[in-house]
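Novice: Dropping in start_7.tsv, which is TSV, C-alpha atoms and all ligand atoms:
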```tsv
chain	number	residue	atom	x	y	z
A	845	MET	CA	-14.35	-10.70	-41.15
A	846	LYS	CA	-14.11	-13.49	-38.64
A	847	GLN	CA	-16.82	-13.25	-35.99
A	848	ARG	CA	-15.48	-15.43	-33.16
A	849	LEU	CA	-12.14	-14.24	-31.91
A	850	LEU	CA	-9.91	-14.75	-28.95
A	851	PHE	CA	-7.26	-12.31	-27.65
A	852	LEU	CA	-4.20	-13.75	-25.90
A	853	GLY	CA	-1.17	-12.02	-24.45
A	854	PRO	CA	0.63	-10.96	-21.29
A	855	PRO	CA	-0.89	-8.48	-18.83
A	856	GLY	CA	-0.73	-4.95	-20.19
A	857	ALA	CA	-0.18	-6.02	-23.80
A	858	GLY	CA	-3.30	-4.09	-24.79
A	859	LYS	CA	-5.82	-6.92	-25.10
A	860	GLY	CA	-8.58	-4.94	-23.39
A	861	THR	CA	-7.77	-1.75	-25.28
A	862	GLN	CA	-7.79	-3.33	-28.73
A	863	ALA	CA	-10.64	-5.74	-28.00
A	864	GLN	CA	-12.91	-2.91	-26.93
A	865	ARG	CA	-12.25	-0.94	-30.13
A	866	LEU	CA	-12.61	-3.90	-32.47
A	867	ALA	CA	-15.76	-5.17	-30.79
A	868	ALA	CA	-17.33	-1.70	-31.06
A	869	SER	CA	-16.44	-1.26	-34.73
A	870	GLU	CA	-17.50	-4.79	-35.75
A	871	GLY	CA	-20.55	-5.10	-33.50
A	872	LEU	CA	-19.13	-8.08	-31.59
A	873	LEU	CA	-19.83	-8.98	-27.98
A	874	HIS	CA	-16.71	-8.01	-25.99
A	875	LEU	CA	-16.30	-10.50	-23.20
A	876	SER	CA	-13.46	-9.51	-20.85
A	877	THR	CA	-13.22	-11.84	-17.88
A	878	GLY	CA	-11.09	-9.22	-16.09
A	879	ASP	CA	-13.80	-6.55	-16.50
A	880	LEU	CA	-16.56	-8.97	-15.52
A	881	LEU	CA	-14.66	-10.04	-12.40
A	882	ARG	CA	-13.95	-6.42	-11.44
A	883	ALA	CA	-17.69	-5.65	-11.80
A	884	GLU	CA	-18.46	-8.53	-9.41
A	885	VAL	CA	-15.88	-7.20	-6.93
A	886	GLN	CA	-17.36	-3.70	-7.20
A	887	ALA	CA	-20.87	-5.01	-6.57
A	888	ALA	CA	-19.57	-7.08	-3.61
A	889	THR	CA	-21.38	-10.21	-4.82
A	890	PRO	CA	-20.34	-13.58	-3.26
A	891	LEU	CA	-18.43	-14.27	-6.47
A	892	GLY	CA	-16.69	-10.88	-6.26
A	893	GLN	CA	-15.76	-11.46	-2.63
A	894	GLU	CA	-14.16	-14.75	-3.61
A	895	ALA	CA	-12.27	-13.17	-6.53
A	896	GLU	CA	-11.04	-9.98	-4.88
A	897	ALA	CA	-8.08	-11.26	-2.87
A	898	VAL	CA	-6.97	-13.59	-5.67
A	899	MET	CA	-6.91	-10.74	-8.19
A	900	ALA	CA	-5.12	-8.44	-5.75
A	901	ARG	CA	-2.28	-11.02	-5.61
A	902	GLY	CA	-2.17	-11.31	-9.41
A	903	GLU	CA	-3.18	-14.99	-9.32
A	904	LEU	CA	-5.85	-16.61	-11.48
A	905	VAL	CA	-9.38	-16.79	-10.15
A	906	SER	CA	-10.76	-20.37	-10.04
A	907	ASP	CA	-11.58	-21.96	-13.39
A	908	ALA	CA	-15.09	-22.91	-12.24
A	909	LEU	CA	-15.93	-19.35	-11.30
A	910	VAL	CA	-14.60	-17.82	-14.53
A	911	LEU	CA	-16.25	-20.49	-16.63
A	912	ALA	CA	-19.63	-19.87	-15.02
A	913	ILE	CA	-19.36	-16.20	-15.98
A	914	VAL	CA	-18.40	-16.95	-19.59
A	915	ARG	CA	-20.96	-19.72	-20.01
A	916	SER	CA	-23.91	-17.57	-19.00
A	917	ARG	CA	-22.85	-14.77	-21.39
A	918	LEU	CA	-22.21	-17.02	-24.40
A	919	GLU	CA	-25.39	-19.03	-23.90
A	920	GLN	CA	-27.44	-15.84	-24.08
A	921	HIS	CA	-25.73	-14.50	-27.20
A	922	SER	CA	-26.12	-15.76	-30.75
A	923	GLY	CA	-23.92	-13.28	-32.70
A	924	GLY	CA	-20.15	-12.84	-32.95
A	925	TRP	CA	-17.89	-12.43	-29.93
A	926	LEU	CA	-14.43	-11.49	-28.86
A	927	LEU	CA	-13.02	-13.22	-25.80
A	928	ASP	CA	-10.46	-11.05	-23.98
A	929	GLY	CA	-8.35	-12.55	-21.20
A	930	PHE	CA	-10.06	-15.95	-21.38
A	931	PRO	CA	-8.99	-18.73	-21.54
A	932	ARG	CA	-5.95	-18.22	-19.33
A	933	ASN	CA	-4.83	-21.83	-18.88
A	934	LEU	CA	-5.25	-25.19	-20.61
A	935	ALA	CA	-8.11	-26.28	-18.35
A	936	GLN	CA	-10.07	-23.15	-19.31
A	937	ALA	CA	-9.26	-23.73	-23.00
A	938	GLU	CA	-10.59	-27.29	-22.78
A	939	ALA	CA	-13.71	-26.15	-20.94
A	940	LEU	CA	-14.25	-23.49	-23.60
A	941	ASP	CA	-14.00	-26.10	-26.36
A	942	GLY	CA	-16.67	-28.17	-24.63
A	943	LEU	CA	-18.92	-25.15	-24.15
A	944	LEU	CA	-18.53	-24.04	-27.76
A	945	SER	CA	-19.26	-27.47	-29.19
A	946	SER	CA	-22.42	-27.64	-27.10
A	947	LEU	CA	-23.39	-24.31	-28.69
A	948	ASN	CA	-22.34	-25.49	-32.15
A	949	GLN	CA	-19.75	-22.72	-32.41
A	950	ARG	CA	-15.98	-22.60	-32.84
A	951	ILE	CA	-13.06	-20.19	-32.43
A	952	GLU	CA	-12.18	-18.72	-35.82
A	953	ARG	CA	-8.97	-16.85	-34.95
A	954	VAL	CA	-6.67	-16.33	-31.97
A	955	ILE	CA	-4.72	-13.07	-31.84
A	956	LEU	CA	-1.55	-13.11	-29.73
A	957	LEU	CA	-0.48	-9.60	-28.68
A	958	GLU	CA	3.28	-9.60	-28.11
A	959	LEU	CA	5.24	-6.97	-26.17
A	960	ASP	CA	8.50	-6.70	-24.21
A	961	ASP	CA	8.27	-6.99	-20.43
A	962	ALA	CA	9.83	-3.54	-19.90
A	963	VAL	CA	7.06	-1.86	-21.92
A	964	LEU	CA	4.32	-3.96	-20.29
A	965	ILE	CA	5.52	-3.00	-16.84
A	966	GLN	CA	5.77	0.67	-17.78
A	967	ARG	CA	2.19	0.68	-19.15
A	968	LEU	CA	0.72	-1.07	-16.14
A	969	LEU	CA	2.51	1.15	-13.64
A	970	GLY	CA	1.19	4.12	-15.61
A	971	ARG	CA	-2.39	2.87	-15.35
A	972	GLY	CA	-2.23	2.33	-11.59
A	973	ARG	CA	-5.17	-0.08	-11.11
A	974	ALA	CA	-5.34	-1.84	-7.70
A	975	ASP	CA	-3.34	-4.80	-9.11
A	976	ASP	CA	-0.87	-2.58	-11.01
A	977	ASN	CA	1.99	-2.29	-8.51
A	978	ALA	CA	5.50	-3.60	-9.15
A	979	GLU	CA	5.23	-6.70	-6.94
A	980	VAL	CA	1.84	-7.83	-8.24
A	981	ILE	CA	2.80	-7.12	-11.87
A	982	ALA	CA	5.87	-9.33	-11.44
A	983	ASN	CA	3.64	-12.12	-10.15
A	984	ARG	CA	1.14	-11.65	-13.01
A	985	LEU	CA	4.00	-12.08	-15.48
A	986	VAL	CA	5.11	-15.31	-13.76
A	987	VAL	CA	1.52	-16.60	-13.79
A	988	TYR	CA	1.26	-15.67	-17.49
A	989	ARG	CA	4.44	-17.58	-18.38
A	990	GLN	CA	3.55	-20.65	-16.37
A	991	GLN	CA	-0.16	-20.96	-17.02
A	992	THR	CA	-1.22	-18.89	-20.02
A	993	ALA	CA	1.78	-19.01	-22.39
A	994	PRO	CA	1.26	-22.78	-23.11
A	995	LEU	CA	-1.92	-21.72	-24.91
A	996	VAL	CA	0.24	-20.18	-27.63
A	997	ASP	CA	1.50	-23.61	-28.71
A	998	HIS	CA	-1.97	-25.07	-28.21
A	999	TYR	CA	-3.65	-22.66	-30.64
A	1000	GLU	CA	-0.69	-22.62	-33.01
A	1001	ALA	CA	-0.96	-26.40	-33.35
A	1002	LEU	CA	-4.63	-25.95	-34.22
A	1003	GLY	CA	-3.64	-23.46	-36.96
A	1004	LEU	CA	-5.62	-20.67	-35.33
A	1005	LEU	CA	-2.88	-18.35	-34.07
A	1006	SER	CA	-1.90	-14.96	-35.53
A	1007	ARG	CA	0.83	-12.87	-33.90
A	1008	LEU	CA	0.38	-9.13	-33.50
A	1009	ASP	CA	3.16	-6.74	-32.51
A	1010	GLY	CA	1.81	-4.85	-29.47
A	1011	ALA	CA	4.41	-2.04	-29.62
A	1012	GLY	CA	3.51	1.45	-30.80
A	1013	SER	CA	0.50	3.71	-30.54
A	1014	ILE	CA	-3.01	2.36	-29.95
A	1015	GLU	CA	-3.99	3.52	-33.47
A	1016	ALA	CA	-0.95	1.87	-35.10
A	1017	ILE	CA	-1.77	-1.46	-33.44
A	1018	GLU	CA	-5.43	-1.09	-34.38
A	1019	ALA	CA	-4.42	-0.64	-38.04
A	1020	ARG	CA	-2.12	-3.70	-37.92
A	1021	LEU	CA	-4.92	-5.72	-36.36
A	1022	ALA	CA	-7.40	-4.66	-39.04
A	1023	ALA	CA	-4.92	-5.68	-41.75
A	1024	LEU	CA	-4.48	-9.06	-40.08
A	1025	LEU	CA	-8.20	-9.70	-40.01
A	1026	VAL	CA	-9.05	-8.76	-43.60
A	1027	ASP	CA	-9.13	-12.30	-44.90
B	1101	LIG	P1	-7.22	-8.46	-17.15
B	1101	LIG	O1	-8.34	-7.57	-16.82
B	1101	LIG	O2	-7.44	-9.44	-18.26
B	1101	LIG	O3	-6.03	-7.45	-17.45
B	1101	LIG	P2	-4.61	-7.46	-18.07
B	1101	LIG	O4	-4.25	-8.77	-18.71
B	1101	LIG	O5	-3.71	-7.00	-16.97
B	1101	LIG	O6	-4.57	-6.27	-19.15
B	1101	LIG	P3	-4.74	-6.08	-20.75
B	1101	LIG	O7	-3.79	-6.86	-21.60
B	1101	LIG	O8	-6.19	-6.19	-21.11
B	1101	LIG	O9	-4.21	-4.60	-20.90
B	1101	LIG	P4	-4.96	-3.25	-21.25
B	1101	LIG	O10	-5.47	-3.22	-22.65
B	1101	LIG	O11	-5.93	-2.97	-20.16
B	1101	LIG	O12	-6.79	-9.34	-15.87
B	1101	LIG	C1	-6.73	-8.84	-14.53
B	1101	LIG	C2	-6.84	-9.98	-13.50
B	1101	LIG	O13	-8.16	-10.60	-13.56
B	1101	LIG	C3	-5.88	-11.17	-13.64
B	1101	LIG	O14	-4.62	-10.90	-13.04
B	1101	LIG	C4	-6.66	-12.30	-12.90
B	1101	LIG	O15	-6.53	-12.19	-11.51
B	1101	LIG	C5	-8.11	-12.01	-13.25
B	1101	LIG	N1	-8.59	-12.77	-14.42
B	1101	LIG	C6	-8.99	-12.23	-15.63
B	1101	LIG	N2	-9.36	-13.19	-16.48
B	1101	LIG	C7	-9.19	-14.39	-15.83
B	1101	LIG	C8	-9.37	-15.75	-16.20
B	1101	LIG	N3	-9.80	-16.09	-17.42
B	1101	LIG	N4	-9.09	-16.72	-15.29
B	1101	LIG	C9	-8.66	-16.39	-14.06
B	1101	LIG	N5	-8.44	-15.12	-13.64
B	1101	LIG	C10	-8.70	-14.12	-14.52
B	1101	LIG	O16	-3.75	-2.19	-21.21
B	1101	LIG	C11	-3.00	-1.94	-20.06
B	1101	LIG	C12	-2.62	-0.47	-20.00
B	1101	LIG	O17	-1.84	-0.10	-21.13
B	1101	LIG	C13	-3.82	0.48	-20.01
B	1101	LIG	O18	-3.54	1.55	-19.13
B	1101	LIG	C14	-3.88	0.98	-21.44
B	1101	LIG	O19	-4.46	2.27	-21.55
B	1101	LIG	C15	-2.42	1.00	-21.81
B	1101	LIG	N6	-2.20	0.78	-23.25
B	1101	LIG	C16	-2.81	-0.14	-24.03
B	1101	LIG	N7	-2.35	-0.08	-25.29
B	1101	LIG	C17	-1.37	0.90	-25.30
B	1101	LIG	C18	-0.49	1.43	-26.29
B	1101	LIG	N8	-0.51	0.98	-27.55
B	1101	LIG	N9	0.38	2.39	-25.94
B	1101	LIG	C19	0.41	2.87	-24.67
B	1101	LIG	N10	-0.39	2.42	-23.68
B	1101	LIG	C20	-1.28	1.44	-23.98
```
Let's see the structure in the file written out as structure tokens.
Specialist:
Amino acid sequence: MKQRLLFLGPPGAGKGTQAQRLAASEGLLHLSTGDLLRAEVQAATPLGQEAEAVMARGELVSDALVLAIVRSRLEQHSGGWLLDGFPRNLAQAEALDGLLSSLNQRIERVILLELDDAVLIQRLLGRGRADDNAEVIANRLVVYRQQTAPLVDHYEALGLLSRLDGAGSIEAIEARLAALLVD
């Protein structure tokens, strides 16, 4: 199976859920920028203090800050990885390319999790995290469309993109994902 993967998709599509399971079963490093940022907020580090208000509004944290987090993790890890929620805009994608070429690595597959807005919203409201209220979710969807969705064309043009239907049970999606990654 491919060892260097990237998960793309709108908020609530199940990136974190599926990435966690796949990383555990395949022994990959699961690198979720959302989780890492929330850990910084929790620990009240200077980085977390900077990120907290931005995340609460559903905006993107600064590229430099996110990149510093990813860089330090990837530089210390030689095995396979699964990037979840990063990159989230073209500048981050370009920075990632530069970082990976300096490490002599490359992205092997990009998985796009697709799901209708109505289901996304329902899932996020059901979870109820600090940034999971109707107003902030609406903003996260706008930010996704404006800043992250262009990455779909970017990775499709590079021949790296696979689309995965994000509807259904967690197990059903997991099975579809496994089938997609066999080759
Ligand atoms: P993230 O932590 O990346 O969260 P997300 O996109 O909202 O959720 P995800 O798609 O992972 O959904 P999940 O599996 O959890 O981002 C949060 C914030 O961090 C951003 O708004 C931004 O501020 C900041 N940030 C993160 N990365 C950044 C970056 N690179 N640059 C700048 N800022 C960044 O699933 C959601 C819910 O659905 C869960 O409750 C789950 O249990 C449920 N669920 C999942 N699959 C399901 C299924 N099949 N059926 C029913 N429920 C399901």
Novice: Taking all atoms listed in the file into account, which residues are within 8 Å of ligand LIG 1101 (chain B), as number ranges by chain?
Specialist: A: 853-863, 876-879, 881-882, 895, 898-907, 910-911, 928-933, 936, 964, 967-968, 970-972, 975-976, 984, 1010-1017
Novice: Between atom CA of A:Trp925 and atom CA of A:Pro890, what is the distance, to one decimal in Å?
Specialist: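 Separating atom CA of A:Trp925 from atom CA of A:Pro890 is a distance of 26.8 Å.
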Novice: Could you give me, as a list of chain:residue names, the residues that sit within 10 Å of (2.1, -20.1, -23.5) in the file's coordinates, counting all atoms listed in the file?
Specialist: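 With a cut-off of 10 Å, the residues come to A:Leu852, A:Gly853, A:Pro854, A:Arg932, A:Asn933, A:Leu934, A:Tyr988, A:Arg989, A:Gln990, A:Gln991, A:Thr992, A:Ala993, A:Pro994, A:Leu995, A:Val996, A:Asp997, A:His998, A:Tyr999.
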Novice: Report, in Å with one decimal, the straight-line distance from atom CA of A:Gln847 to atom CA of A:Val954.
Specialist: 11.3 Å
Novice: Between atom CA of A:Val986 and atom CA of A:Ala897, what is the spacing in Å?
Specialist: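 Atom CA of A:Ala897 sits 17.6 Å away from atom CA of A:Val986.
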Novice: Which of these residues is nearest to A:Leu1008, using all atoms listed in the file: A:Leu918, A:Ala982, A:Ala1023, A:Leu880?
Specialist: A:Ala1023
Novice: Which polymer residues, whether protein, DNA or RNA, lie within 8 Å of the coordinate (-11.3, -12.9, -35.0) when you count only C-alpha atoms? List them as number ranges by chain, using the chain letters and numbers from the file.
Specialist: A: 845-850, 926, 951-955, 1025
Novice: Would you mind exporting the chosen residues as a PDB file, in the frame of the given file, restricted to C-alpha atoms?
Specialist:
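Here's the written file selection-v9.pdb:
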```pdb
ATOM      1  CA  MET A 845     -14.350 -10.700 -41.150  1.00  0.00           C
ATOM      2  CA  LYS A 846     -14.110 -13.490 -38.640  1.00  0.00           C
ATOM      3  CA  GLN A 847     -16.820 -13.250 -35.990  1.00  0.00           C
ATOM      4  CA  ARG A 848     -15.480 -15.430 -33.160  1.00  0.00           C
ATOM      5  CA  LEU A 849     -12.140 -14.240 -31.910  1.00  0.00           C
ATOM      6  CA  LEU A 850      -9.910 -14.750 -28.950  1.00  0.00           C
ATOM      7  CA  LEU A 926     -14.430 -11.490 -28.860  1.00  0.00           C
ATOM      8  CA  ILE A 951     -13.060 -20.190 -32.430  1.00  0.00           C
ATOM      9  CA  GLU A 952     -12.180 -18.720 -35.820  1.00  0.00           C
ATOM     10  CA  ARG A 953      -8.970 -16.850 -34.950  1.00  0.00           C
ATOM     11  CA  VAL A 954      -6.670 -16.330 -31.970  1.00  0.00           C
ATOM     12  CA  ILE A 955      -4.720 -13.070 -31.840  1.00  0.00           C
ATOM     13  CA  LEU A1025      -8.200  -9.700 -40.010  1.00  0.00           C
TER      14      LEU A1025
END
```
Novice: Of the residues A:Arg865, A:Glu919, A:Phe851, A:Ala937, which is the one nearest to A:Ala1019, using all atoms listed in the file?
Specialist: A:Arg865
Novice: With distances taken over only C-alpha atoms, which residue among A:Glu1018, A:Thr889, A:Val914, A:Gln949 lies nearest A:His874?
Specialist: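 Residue with the minimum atom-to-atom distance to A:His874: A:Val914.
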